[in-house]
Amino acid sequence: AHVLEAKTRTKRFAHALLSVTDITMSSASLLTQKASSATFGGLIKGQRKISSLRSSSKKTITKAAVSVPTTLKTGVVTGADFIDVMNHARHHGYAIPAVNCTMSSVTNACLEAAKVANAPMIIQFSHGGGLNFAGKGLSNEDQKAAVTGCVAEALRVRELAKLYGVPVILHTDHCAKNLLGWFDGLLEANEKYFKEHGEPLFTSHMLDLSEEPIEENLEICQKYLKRMKAINCFLEMEIGITGGEEDGVDNSDVAPEDLYSKPEEIHDVYKALQPIAPDFYSIAAAFGNVHGVYAPGNVKLTPTILGNAQKYIIEKEGITGQEKPVYFVFHGGAGSSR
C-alpha cells in the first residue's frame, strides 16, 4: 500500500492527518498496493476528503481506515514485519499514507494521527527535510548535514514509535542521481545500525532515477538493491515522471507522454529486480499523477495503467495464484486547485 502522499505546513496539520480515516478512493485505485516515500491520492488539507483516483464512470468508494490487527508488529517495522503490513494493506484494499516530515512537530502529528486511526503510517524525509532537521546554518559538504539530519530524526522516531501502538514505516523520498552521495550516507548508517541491532535503521529508501535512461536507472537500482537486501532494507524506484514541482525538483514542463508508464517498462523493472530481491522493492510508475497546483481538468489520471501492468506481468511470467505481483507507489495526485 503507500498510495497517499500528504504534505502541509499549516497549524491544522494534525487535524488534517486525521482525515486519512475517511479516504475517498475509486475502485481502480485499489490496484495500487504500496502506498513508497512511502508513498498518495492527493493533498490532505483541513477536513476535506481526498479525492483520489476516479474511474471513467466517476463512481467512487469511500473506505474508512482499516484497523491493524494485534498480530502485526508495532513501532518501526522492517524486513518481514514490513512485508506483513504491506500484505495486510494489499489484502484489505487500503492505502498507507506517506508524509514528508520537515520538523519534529510534523512527525509527532503523523504518529498521533496513526494512533487515533489505529492504522499504519509512513514517516518519510526528503533531502531538504534532512537539511531542516540538521539546521540550515550547517554546511552540507559531502551531504553530511542531510544524512545526519535524517538519521537523527529516524532515531527519535524509533524511540517514540514504541509508544504509539501502530506499525510505523521509516522511509526517505526522491533521490535523484545528483544526490546519490546522500543515499550512500544513509545506507552506511543503515549498515552500522544493522550490525548493532540486526535490522536497518530505516525501513526503506527511494531512488528516483526516472530522468535517466531506463537502462542506467535499472543498473543503478540493481547495484543498490543487492546492498540493501543484505540488511533487509526495502527499495522504492521510479520510472516515468511525476509532473509538477516538489522539494526543488521541477517537472512542470515535462512532455505529456512521459507522465504515463508502459506495461513493458514496468515488466522490465520486474525482470531486473525480482531475481535480486523477490518482492522486496516497489515501483513508482507514472499514470498522469502530478505534484502541485493545477486548474481543474488539466490533469488526467489513468490508473488502469497499473492494473494492466499487473495483468501483463502475470501473463509474461506465467504467474498463478497472485493477482497483484507488483507493489506500486502513487506519488502526488490530480493536483490541487489552490
# chains A, B, ... in the order shown; residues from 1 in each chain; ligands from 1
$ residues_around --residues "Tyr270 in chain A" --least-positions-apart "4" --cutoff "8 Å" --atoms "only C-alpha atoms" --output "PyMOL selection string"
chain A and resi 266+274+326
$ write_last_selection --atoms "C-alpha atoms" --output "PDB file, in the first residue's frame"
ATOM      1  CA  ILE A 266       7.169  -1.948 -15.666  1.00  0.00           C
ATOM      2  CA  GLN A 274      12.889  -9.672  -8.940  1.00  0.00           C
ATOM      3  CA  VAL A 326       3.998  -5.795  -8.043  1.00  0.00           C
TER       4      VAL A 326
END
$ residues_around --residues "Gly297 in chain A" --least-positions-apart "4" --cutoff "12 Å" --atoms "only C-alpha atoms" --output "short mmCIF file (atom, residue, chain, number, x, y, z; two decimals) with N, CA, C and O atoms, in the first residue's frame"
data_model
loop_
_atom_site.label_atom_id
_atom_site.label_comp_id
_atom_site.auth_asym_id
_atom_site.auth_seq_id
_atom_site.Cartn_x
_atom_site.Cartn_y
_atom_site.Cartn_z
N VAL A 293 -0.09 22.61 -7.93
CA VAL A 293 -1.35 23.30 -8.18
C VAL A 293 -1.65 23.30 -9.68
O VAL A 293 -0.84 23.73 -10.49
N LEU A 301 -5.71 11.46 -14.75
CA LEU A 301 -5.18 10.24 -14.16
C LEU A 301 -5.69 9.03 -14.93
O LEU A 301 -6.85 8.96 -15.31
N ALA A 334 -4.01 14.31 -8.60
CA ALA A 334 -4.55 15.05 -9.74
C ALA A 334 -4.23 16.53 -9.62
O ALA A 334 -4.75 17.35 -10.37
N GLY A 335 -3.38 16.89 -8.64
CA GLY A 335 -3.09 18.29 -8.41
C GLY A 335 -4.13 18.92 -7.51
O GLY A 335 -5.18 18.33 -7.22
N SER A 336 -3.87 20.10 -7.07
CA SER A 336 -4.80 20.83 -6.21
C SER A 336 -5.09 22.18 -6.88
O SER A 336 -4.24 22.77 -7.54
N SER A 337 -6.31 22.64 -6.72
CA SER A 337 -6.67 23.91 -7.36
C SER A 337 -6.19 25.12 -6.57
O SER A 337 -6.32 26.25 -7.03
#
$ residues_around --residues "range 220-237 of chain A" --least-positions-apart "4" --cutoff "10 Å" --atoms "only C-alpha atoms" --output "PyMOL selection string"
chain A and resi 34+36-39+78-80+82-83+171-175+177+183-184+187+190-195+198-210+215-216+269+272-285+327-329
$ atom_distance --atom1 "CA of Lys136 in chain A" --atom2 "CA of Thr102 in chain A"
11.9 Å
$ residues_around --residues "Lys316 in chain A" --least-positions-apart "6" --cutoff "12 Å" --atoms "only C-alpha atoms" --output "ChimeraX atom specification"
/A:263-264,266-268,270-271,309-310,325
$ write_last_selection --atoms "all heavy atoms" --output "PDB file, in the first residue's frame"
ATOM      1  N   PRO A 263       3.295  -0.802 -19.789  1.00  0.00           N
ATOM      2  CA  PRO A 263       3.403  -2.124 -19.148  1.00  0.00           C
ATOM      3  C   PRO A 263       4.744  -2.796 -19.420  1.00  0.00           C
ATOM      4  O   PRO A 263       5.295  -3.464 -18.551  1.00  0.00           O
ATOM      5  CB  PRO A 263       2.244  -2.907 -19.774  1.00  0.00           C
ATOM      6  CG  PRO A 263       1.245  -1.859 -20.159  1.00  0.00           C
ATOM      7  CD  PRO A 263       2.065  -0.671 -20.581  1.00  0.00           C
ATOM      8  N   GLU A 264       5.279  -2.598 -20.625  1.00  0.00           N
ATOM      9  CA  GLU A 264       6.561  -3.211 -20.966  1.00  0.00           C
ATOM     10  C   GLU A 264       7.689  -2.670 -20.092  1.00  0.00           C
ATOM     11  O   GLU A 264       8.601  -3.397 -19.694  1.00  0.00           O
ATOM     12  CB  GLU A 264       6.886  -2.959 -22.438  1.00  0.00           C
ATOM     13  CG  GLU A 264       5.939  -3.638 -23.416  1.00  0.00           C
ATOM     14  CD  GLU A 264       4.672  -2.833 -23.676  1.00  0.00           C
ATOM     15  OE1 GLU A 264       4.507  -1.754 -23.063  1.00  0.00           O
ATOM     16  OE2 GLU A 264       3.847  -3.287 -24.494  1.00  0.00           O
ATOM     17  N   ILE A 266       7.356  -1.417 -17.018  1.00  0.00           N
ATOM     18  CA  ILE A 266       7.169  -1.948 -15.666  1.00  0.00           C
ATOM     19  C   ILE A 266       7.639  -3.397 -15.602  1.00  0.00           C
ATOM     20  O   ILE A 266       8.258  -3.827 -14.617  1.00  0.00           O
ATOM     21  CB  ILE A 266       5.687  -1.815 -15.247  1.00  0.00           C
ATOM     22  CG1 ILE A 266       5.293  -0.322 -15.204  1.00  0.00           C
ATOM     23  CG2 ILE A 266       5.440  -2.471 -13.889  1.00  0.00           C
ATOM     24  CD1 ILE A 266       3.814  -0.065 -15.009  1.00  0.00           C
ATOM     25  N   HIS A 267       7.386  -4.145 -16.659  1.00  0.00           N
ATOM     26  CA  HIS A 267       7.856  -5.530 -16.719  1.00  0.00           C
ATOM     27  C   HIS A 267       9.382  -5.574 -16.744  1.00  0.00           C
ATOM     28  O   HIS A 267      10.002  -6.458 -16.135  1.00  0.00           O
ATOM     29  CB  HIS A 267       7.279  -6.226 -17.951  1.00  0.00           C
ATOM     30  CG  HIS A 267       7.610  -7.662 -18.047  1.00  0.00           C
ATOM     31  ND1 HIS A 267       7.875  -8.307 -19.239  1.00  0.00           N
ATOM     32  CD2 HIS A 267       7.748  -8.631 -17.080  1.00  0.00           C
ATOM     33  CE1 HIS A 267       8.138  -9.578 -19.021  1.00  0.00           C
ATOM     34  NE2 HIS A 267       8.070  -9.803 -17.712  1.00  0.00           N
ATOM     35  N   ASP A 268      10.011  -4.625 -17.420  1.00  0.00           N
ATOM     36  CA  ASP A 268      11.473  -4.566 -17.441  1.00  0.00           C
ATOM     37  C   ASP A 268      12.030  -4.395 -16.022  1.00  0.00           C
ATOM     38  O   ASP A 268      13.062  -4.994 -15.676  1.00  0.00           O
ATOM     39  CB  ASP A 268      11.945  -3.409 -18.327  1.00  0.00           C
ATOM     40  CG  ASP A 268      11.815  -3.707 -19.807  1.00  0.00           C
ATOM     41  OD1 ASP A 268      11.679  -4.899 -20.166  1.00  0.00           O
ATOM     42  OD2 ASP A 268      11.819  -2.751 -20.609  1.00  0.00           O
ATOM     43  N   TYR A 270      10.522  -5.353 -13.243  1.00  0.00           N
ATOM     44  CA  TYR A 270      10.283  -6.645 -12.578  1.00  0.00           C
ATOM     45  C   TYR A 270      11.382  -7.640 -12.929  1.00  0.00           C
ATOM     46  O   TYR A 270      11.942  -8.313 -12.049  1.00  0.00           O
ATOM     47  CB  TYR A 270       8.906  -7.172 -13.004  1.00  0.00           C
ATOM     48  CG  TYR A 270       8.511  -8.489 -12.375  1.00  0.00           C
ATOM     49  CD1 TYR A 270       7.808  -8.529 -11.179  1.00  0.00           C
ATOM     50  CD2 TYR A 270       8.839  -9.706 -12.990  1.00  0.00           C
ATOM     51  CE1 TYR A 270       7.438  -9.740 -10.595  1.00  0.00           C
ATOM     52  CE2 TYR A 270       8.481 -10.913 -12.423  1.00  0.00           C
ATOM     53  CZ  TYR A 270       7.772 -10.927 -11.219  1.00  0.00           C
ATOM     54  OH  TYR A 270       7.423 -12.126 -10.649  1.00  0.00           O
ATOM     55  N   LYS A 271      11.727  -7.744 -14.202  1.00  0.00           N
ATOM     56  CA  LYS A 271      12.754  -8.695 -14.644  1.00  0.00           C
ATOM     57  C   LYS A 271      14.132  -8.340 -14.084  1.00  0.00           C
ATOM     58  O   LYS A 271      14.938  -9.237 -13.800  1.00  0.00           O
ATOM     59  CB  LYS A 271      12.802  -8.735 -16.173  1.00  0.00           C
ATOM     60  CG  LYS A 271      11.600  -9.380 -16.819  1.00  0.00           C
ATOM     61  CD  LYS A 271      11.783  -9.552 -18.318  1.00  0.00           C
ATOM     62  CE  LYS A 271      11.864  -8.222 -19.035  1.00  0.00           C
ATOM     63  NZ  LYS A 271      11.989  -8.386 -20.515  1.00  0.00           N
ATOM     64  N   ALA A 309      -0.647  -3.307 -16.147  1.00  0.00           N
ATOM     65  CA  ALA A 309       0.729  -3.766 -15.944  1.00  0.00           C
ATOM     66  C   ALA A 309       0.762  -5.039 -15.106  1.00  0.00           C
ATOM     67  O   ALA A 309       1.559  -5.951 -15.380  1.00  0.00           O
ATOM     68  CB  ALA A 309       1.555  -2.675 -15.280  1.00  0.00           C
ATOM     69  N   GLN A 310      -0.086  -5.104 -14.084  1.00  0.00           N
ATOM     70  CA  GLN A 310      -0.163  -6.327 -13.272  1.00  0.00           C
ATOM     71  C   GLN A 310      -0.539  -7.521 -14.146  1.00  0.00           C
ATOM     72  O   GLN A 310       0.083  -8.592 -14.074  1.00  0.00           O
ATOM     73  CB  GLN A 310      -1.210  -6.162 -12.154  1.00  0.00           C
ATOM     74  CG  GLN A 310      -0.930  -5.030 -11.170  1.00  0.00           C
ATOM     75  CD  GLN A 310       0.066  -5.414 -10.081  1.00  0.00           C
ATOM     76  OE1 GLN A 310       0.950  -6.231 -10.295  1.00  0.00           O
ATOM     77  NE2 GLN A 310      -0.059  -4.799  -8.912  1.00  0.00           N
ATOM     78  N   PRO A 325       1.227  -8.958  -8.546  1.00  0.00           N
ATOM     79  CA  PRO A 325       2.611  -9.349  -8.265  1.00  0.00           C
ATOM     80  C   PRO A 325       3.539  -8.187  -7.953  1.00  0.00           C
ATOM     81  O   PRO A 325       4.646  -8.417  -7.465  1.00  0.00           O
ATOM     82  CB  PRO A 325       3.038 -10.046  -9.566  1.00  0.00           C
ATOM     83  CG  PRO A 325       2.179  -9.431 -10.620  1.00  0.00           C
ATOM     84  CD  PRO A 325       0.865  -9.170  -9.958  1.00  0.00           C
TER      85      PRO A 325
END
$ atom_distance --atom1 "CA of Ile239 in chain A" --atom2 "CA of Lys311 in chain A"
18.2 Å
$ select_by_dssp --residues "range 214-315 of chain A" --states "helix (DSSP H, G or I)" --output "ChimeraX atom specification"
/A:214-229,256-259,263-273,304-315
$ residues_around --residues "His88 in chain A" --least-positions-apart "5" --cutoff "9 Å" --atoms "only C-alpha atoms" --output "ChimeraX atom specification"
/A:1,68,72,83,93-94
$ write_last_selection --atoms "all heavy atoms" --output "PDB file, in the first residue's frame"
ATOM      1  N   ALA A   1       0.847  -1.178   0.000  1.00  0.00           N
ATOM      2  CA  ALA A   1       0.000   0.000   0.000  1.00  0.00           C
ATOM      3  C   ALA A   1       0.905   1.259   0.000  1.00  0.00           C
ATOM      4  O   ALA A   1       1.548   1.439  -0.073  1.00  0.00           O
ATOM      5  CB  ALA A   1      -0.860  -0.038   1.207  1.00  0.00           C
ATOM      6  N   VAL A  68      -5.491  -2.049  12.274  1.00  0.00           N
ATOM      7  CA  VAL A  68      -4.498  -3.115  12.156  1.00  0.00           C
ATOM      8  C   VAL A  68      -4.727  -4.159  13.243  1.00  0.00           C
ATOM      9  O   VAL A  68      -5.097  -3.829  14.371  1.00  0.00           O
ATOM     10  CB  VAL A  68      -3.067  -2.553  12.257  1.00  0.00           C
ATOM     11  CG1 VAL A  68      -2.775  -1.644  11.087  1.00  0.00           C
ATOM     12  CG2 VAL A  68      -2.854  -1.804  13.566  1.00  0.00           C
ATOM     13  N   LEU A  72       0.128  -7.800  13.949  1.00  0.00           N
ATOM     14  CA  LEU A  72       1.167  -7.027  13.283  1.00  0.00           C
ATOM     15  C   LEU A  72       2.073  -6.365  14.314  1.00  0.00           C
ATOM     16  O   LEU A  72       1.605  -5.855  15.342  1.00  0.00           O
ATOM     17  CB  LEU A  72       0.556  -5.951  12.382  1.00  0.00           C
ATOM     18  CG  LEU A  72      -0.176  -6.422  11.128  1.00  0.00           C
ATOM     19  CD1 LEU A  72      -0.706  -5.233  10.338  1.00  0.00           C
ATOM     20  CD2 LEU A  72       0.742  -7.269  10.244  1.00  0.00           C
ATOM     21  N   ILE A  83       6.788  -6.340   5.342  1.00  0.00           N
ATOM     22  CA  ILE A  83       6.037  -7.046   4.304  1.00  0.00           C
ATOM     23  C   ILE A  83       4.686  -7.508   4.837  1.00  0.00           C
ATOM     24  O   ILE A  83       3.684  -7.489   4.120  1.00  0.00           O
ATOM     25  CB  ILE A  83       6.848  -8.229   3.749  1.00  0.00           C
ATOM     26  CG1 ILE A  83       8.123  -7.717   3.062  1.00  0.00           C
ATOM     27  CG2 ILE A  83       6.017  -9.060   2.782  1.00  0.00           C
ATOM     28  CD1 ILE A  83       7.880  -6.781   1.901  1.00  0.00           C
ATOM     29  N   GLY A  93      -7.265  -3.928   0.779  1.00  0.00           N
ATOM     30  CA  GLY A  93      -7.541  -2.891  -0.202  1.00  0.00           C
ATOM     31  C   GLY A  93      -7.474  -1.478   0.331  1.00  0.00           C
ATOM     32  O   GLY A  93      -8.312  -0.640  -0.022  1.00  0.00           O
ATOM     33  N   TYR A  94      -6.513  -1.180   1.180  1.00  0.00           N
ATOM     34  CA  TYR A  94      -6.392   0.197   1.665  1.00  0.00           C
ATOM     35  C   TYR A  94      -4.993   0.741   1.394  1.00  0.00           C
ATOM     36  O   TYR A  94      -4.075  -0.009   1.051  1.00  0.00           O
ATOM     37  CB  TYR A  94      -6.718   0.296   3.161  1.00  0.00           C
ATOM     38  CG  TYR A  94      -5.725  -0.354   4.104  1.00  0.00           C
ATOM     39  CD1 TYR A  94      -4.633   0.346   4.604  1.00  0.00           C
ATOM     40  CD2 TYR A  94      -5.907  -1.673   4.540  1.00  0.00           C
ATOM     41  CE1 TYR A  94      -3.741  -0.238   5.498  1.00  0.00           C
ATOM     42  CE2 TYR A  94      -5.024  -2.264   5.432  1.00  0.00           C
ATOM     43  CZ  TYR A  94      -3.941  -1.540   5.904  1.00  0.00           C
ATOM     44  OH  TYR A  94      -3.054  -2.108   6.789  1.00  0.00           O
TER      45      TYR A  94
END
$ atom_distance --atom1 "CA of Arg156 in chain A" --atom2 "CA of Ala109 in chain A"
14.0 Å
$ residues_around --residues "range 142-145 of chain A" --least-positions-apart "5" --cutoff "7 Å" --atoms "only C-alpha atoms" --output "short mmCIF file (atom, residue, chain, number, x, y, z; two decimals) with N, CA and C atoms, in the first residue's frame"
data_model
loop_
_atom_site.label_atom_id
_atom_site.label_comp_id
_atom_site.auth_asym_id
_atom_site.auth_seq_id
_atom_site.Cartn_x
_atom_site.Cartn_y
_atom_site.Cartn_z
N LEU A 131 18.01 18.36 5.70
CA LEU A 131 18.71 19.62 5.97
C LEU A 131 17.99 20.43 7.03
N ALA A 134 18.78 19.01 10.43
CA ALA A 134 20.15 19.30 10.85
C ALA A 134 20.34 20.77 11.21
N GLY A 181 25.17 10.69 -3.20
CA GLY A 181 26.02 10.79 -2.01
C GLY A 181 25.20 10.77 -0.74
N TRP A 182 24.02 11.39 -0.78
CA TRP A 182 23.06 11.35 0.35
C TRP A 182 22.59 9.91 0.58
#
$ closest_residue --among "A:Ile214, A:Cys150, A:Val77, A:Val99" --to "Gly185 in chain A" --atoms "only C-alpha atoms"
A:Cys150
$ closest_residue --among "A:Ala154, A:Met103, A:Ile313, A:Leu306" --to "Phe287 in chain A" --atoms "only C-alpha atoms"
A:Leu306
$ select_by_dssp --residues "range 180-321 of chain A" --states "strand (DSSP E)" --output "list in words"
Ser204, His205, Met206, Leu207, Phe234, Leu235, Glu236, Met237, Glu238, Gly244, Glu245, Glu246, Val249, Asp250, Asn251, Tyr281, Ser282, Ile283, Ala284, Val290, His291, Gly292 and Val293 of chain A
$ closest_residue --among "A:Leu259, A:Met121, A:Met86, A:Ala286" --to "Glu238 in chain A" --atoms "only C-alpha atoms"
A:Ala286
